[in-house]
Structure formats: structure tokens, C-alpha cells
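For reference, work_35.csv (CSV, C-alpha atoms):
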chain,number,residue,atom,x,y,z
A,1,MET,CA,48.6,-7.7,46.2
A,2,PRO,CA,48.4,-6.5,42.6
A,3,ILE,CA,46.9,-8.8,40.0
A,4,ASP,CA,49.5,-10.4,37.7
A,5,HIS,CA,47.6,-9.9,34.4
A,6,ALA,CA,49.9,-12.1,32.4
A,7,LEU,CA,49.3,-15.0,34.8
A,8,GLU,CA,45.6,-14.3,34.8
A,9,LEU,CA,45.4,-14.4,31.0
A,10,ARG,CA,47.5,-17.6,30.8
A,11,THR,CA,45.3,-19.2,33.4
A,12,ILE,CA,42.1,-18.2,31.6
A,13,ALA,CA,43.5,-19.6,28.3
A,14,GLU,CA,44.5,-22.8,30.0
A,15,VAL,CA,41.1,-23.2,31.6
A,16,LEU,CA,39.3,-22.4,28.3
A,17,LEU,CA,41.3,-25.0,26.4
A,18,GLU,CA,40.8,-27.6,29.1
A,19,LYS,CA,37.0,-26.9,29.1
A,20,ARG,CA,36.9,-27.0,25.3
A,21,GLU,CA,38.6,-30.4,25.3
A,22,SER,CA,36.2,-31.7,28.0
A,23,LEU,CA,33.2,-30.6,26.0
A,24,ALA,CA,34.6,-32.1,22.8
A,25,SER,CA,35.1,-35.4,24.7
A,26,LYS,CA,31.5,-35.3,25.8
A,27,LEU,CA,30.5,-34.7,22.2
A,28,ARG,CA,32.6,-37.7,21.0
A,29,ASP,CA,31.2,-39.9,23.7
A,30,ASP,CA,27.6,-38.8,22.7
A,31,THR,CA,26.9,-37.5,26.2
A,32,ALA,CA,26.9,-33.8,25.4
A,33,THR,CA,23.8,-31.8,26.2
A,34,GLU,CA,22.5,-29.0,24.0
A,35,ALA,CA,24.1,-26.5,26.5
A,36,ASP,CA,27.4,-28.5,26.2
A,37,LYS,CA,27.2,-28.2,22.4
A,38,ALA,CA,26.5,-24.4,22.6
A,39,ASN,CA,29.4,-23.9,25.0
A,40,LEU,CA,31.7,-25.9,22.7
A,41,ASP,CA,30.7,-23.8,19.8
A,42,PHE,CA,31.5,-20.6,21.9
A,43,ALA,CA,34.8,-22.0,23.1
A,44,ASN,CA,35.8,-22.9,19.5
A,45,GLU,CA,34.8,-19.4,18.4
A,46,VAL,CA,37.0,-17.8,21.1
A,47,VAL,CA,40.0,-20.0,20.3
A,48,ALA,CA,39.6,-19.3,16.5
A,49,LEU,CA,39.4,-15.5,17.1
A,50,ALA,CA,42.4,-15.6,19.4
A,51,ARG,CA,44.4,-17.6,16.8
A,52,ASN,CA,43.4,-15.1,14.1
A,53,ARG,CA,44.5,-12.2,16.3
A,54,VAL,CA,47.9,-13.8,16.8
A,55,ALA,CA,48.2,-14.4,13.0
A,56,VAL,CA,47.3,-10.8,12.3
A,57,LEU,CA,49.9,-9.5,14.8
A,58,GLN,CA,52.6,-11.8,13.4
A,59,ASN,CA,51.9,-10.7,9.8
A,60,GLU,CA,51.9,-7.0,10.8
A,61,LEU,CA,55.3,-7.5,12.5
A,62,ALA,CA,56.6,-9.3,9.4
A,63,ARG,CA,55.3,-6.6,7.2
A,64,GLN,CA,57.0,-3.9,9.3
A,65,GLU,CA,60.3,-5.8,8.9
A,66,GLY,CA,59.8,-5.6,5.1
A,67,LYS,CA,58.8,-9.2,4.6
A,68,ASP,CA,56.3,-10.0,1.8
A,69,VAL,CA,53.0,-10.8,3.4
A,70,TRP,CA,49.5,-10.7,2.0
A,71,VAL,CA,47.5,-7.6,2.9
A,72,GLU,CA,44.0,-6.4,2.2
A,73,ARG,CA,43.1,-2.8,1.7
A,74,THR,CA,39.5,-2.2,2.8
A,75,SER,CA,39.5,1.1,1.0
A,76,GLU,CA,42.0,3.5,-0.5
A,77,SER,CA,42.0,5.6,2.7
A,78,HIS,CA,42.7,2.7,5.0
A,79,TYR,CA,46.1,1.3,6.0
A,80,PRO,CA,46.7,-2.0,4.1
A,81,HIS,CA,46.8,-4.9,6.6
A,82,ILE,CA,46.2,-8.5,6.9
A,83,ARG,CA,42.5,-9.0,7.8
A,84,LEU,CA,41.3,-12.3,9.1
A,85,HIS,CA,37.8,-12.6,10.5
A,86,GLY,CA,37.9,-11.1,13.9
A,87,GLY,CA,41.6,-10.7,13.9
A,88,ALA,CA,42.4,-7.1,13.0
A,89,ARG,CA,41.2,-4.6,15.6
A,90,ASP,CA,41.1,-1.6,13.3
A,91,ASP,CA,42.2,-0.1,10.0
A,92,ASP,CA,44.9,2.2,11.5
A,93,PRO,CA,48.6,1.6,11.1
A,94,PRO,CA,50.3,0.2,14.3
A,95,THR,CA,51.8,2.9,16.4
A,96,PRO,CA,55.4,2.6,17.5
Represent the structure from my file as C-alpha cells, please.
Amino acid sequence: MPIDHALELRTIAEVLLEKRESLASKLRDDTATEADKANLDFANEVVALARNRVAVLQNELARQEGKDVWVERTSESHYPHIRLHGGARDDDPPTP
């Protein structure tokens, strides 16, 4: 049976968010170990990077539709795009 990648990704995201909340709860209850704290930091980083990636994609789509969005040009030779830490994958224009 082939893997349903969309289901797999949704499940990974759900588990990550559940684990993140569990770790945050342990921190609030003052029962978190140093490993729990490190894992919470990692989970927070992954969530932040994913949210940034979504924001980048949304802004790129809005820009392609002619809407006014903020962009940063990293150099004159690079395609101007929204850049959020960890969000943009590269400096090339999106391909149709």
C-alpha cells in the first residue's frame, strides 16, 4: 500500500504540536527536565520555521497576483522576495 504523504505530514504536524504542548505544560508545572526544555526549544523552532515558510508562500502568491507586499532584494541579481528567517528556500523566482 503506497504511503499517503499528505496524511503522513498532517500526522507528524499534529504529533509535534501535541508534544510541544505537553512539554510546555511540564515547563509551566516546573517538572521539565533539561532534555524537556531542549526538546521544547527544538519544537518551537520547527513550528516557527514552518509558520514562516507558510507566510513566505502566502506573500509570494499575493505578489504574483499583483498585490502590494513587502519584499527584500538580497542583491540586484536576485529575485525580490519576502524573506523571513528560515522561510524562503532560495532567491529564484517561483516556477509556474
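Relative to atom CA of A:Leu49, atom CA of A:Ala62 is found at 19.8 Å.
The space between atom CA of A:Glu14 and atom CA of A:Glu34 spans 23.6 Å.
Atom CA of A:Phe42 to atom CA of A:Leu17 spans 11.6 Å [interatomic distance, one decimal].
Every polymer residue reaching to within 10 Å of (34.3, -24.0, 25.4), counting only C-alpha atoms, appears in this list: Val15, Leu16, Leu17, Glu18, Lys19, Arg20, Glu21, Ser22, Leu23, Ala24, Asp36, Lys37, Ala38, Asn39, Leu40, Asp41, Phe42, Ala43, Asn44, Glu45, Val46 and Val47 of chain A.
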Mind writing the picked residues with C-alpha atoms as a PDB file, in the frame of the given file?
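Written out: out.pdb:
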ATOM      1  CA  VAL A  15      41.100 -23.200  31.600  1.00  0.00           C
ATOM      2  CA  LEU A  16      39.300 -22.400  28.300  1.00  0.00           C
ATOM      3  CA  LEU A  17      41.300 -25.000  26.400  1.00  0.00           C
ATOM      4  CA  GLU A  18      40.800 -27.600  29.100  1.00  0.00           C
ATOM      5  CA  LYS A  19      37.000 -26.900  29.100  1.00  0.00           C
ATOM      6  CA  ARG A  20      36.900 -27.000  25.300  1.00  0.00           C
ATOM      7  CA  GLU A  21      38.600 -30.400  25.300  1.00  0.00           C
ATOM      8  CA  SER A  22      36.200 -31.700  28.000  1.00  0.00           C
ATOM      9  CA  LEU A  23      33.200 -30.600  26.000  1.00  0.00           C
ATOM     10  CA  ALA A  24      34.600 -32.100  22.800  1.00  0.00           C
ATOM     11  CA  ASP A  36      27.400 -28.500  26.200  1.00  0.00           C
ATOM     12  CA  LYS A  37      27.200 -28.200  22.400  1.00  0.00           C
ATOM     13  CA  ALA A  38      26.500 -24.400  22.600  1.00  0.00           C
ATOM     14  CA  ASN A  39      29.400 -23.900  25.000  1.00  0.00           C
ATOM     15  CA  LEU A  40      31.700 -25.900  22.700  1.00  0.00           C
ATOM     16  CA  ASP A  41      30.700 -23.800  19.800  1.00  0.00           C
ATOM     17  CA  PHE A  42      31.500 -20.600  21.900  1.00  0.00           C
ATOM     18  CA  ALA A  43      34.800 -22.000  23.100  1.00  0.00           C
ATOM     19  CA  ASN A  44      35.800 -22.900  19.500  1.00  0.00           C
ATOM     20  CA  GLU A  45      34.800 -19.400  18.400  1.00  0.00           C
ATOM     21  CA  VAL A  46      37.000 -17.800  21.100  1.00  0.00           C
ATOM     22  CA  VAL A  47      40.000 -20.000  20.300  1.00  0.00           C
TER      23      VAL A  47
END
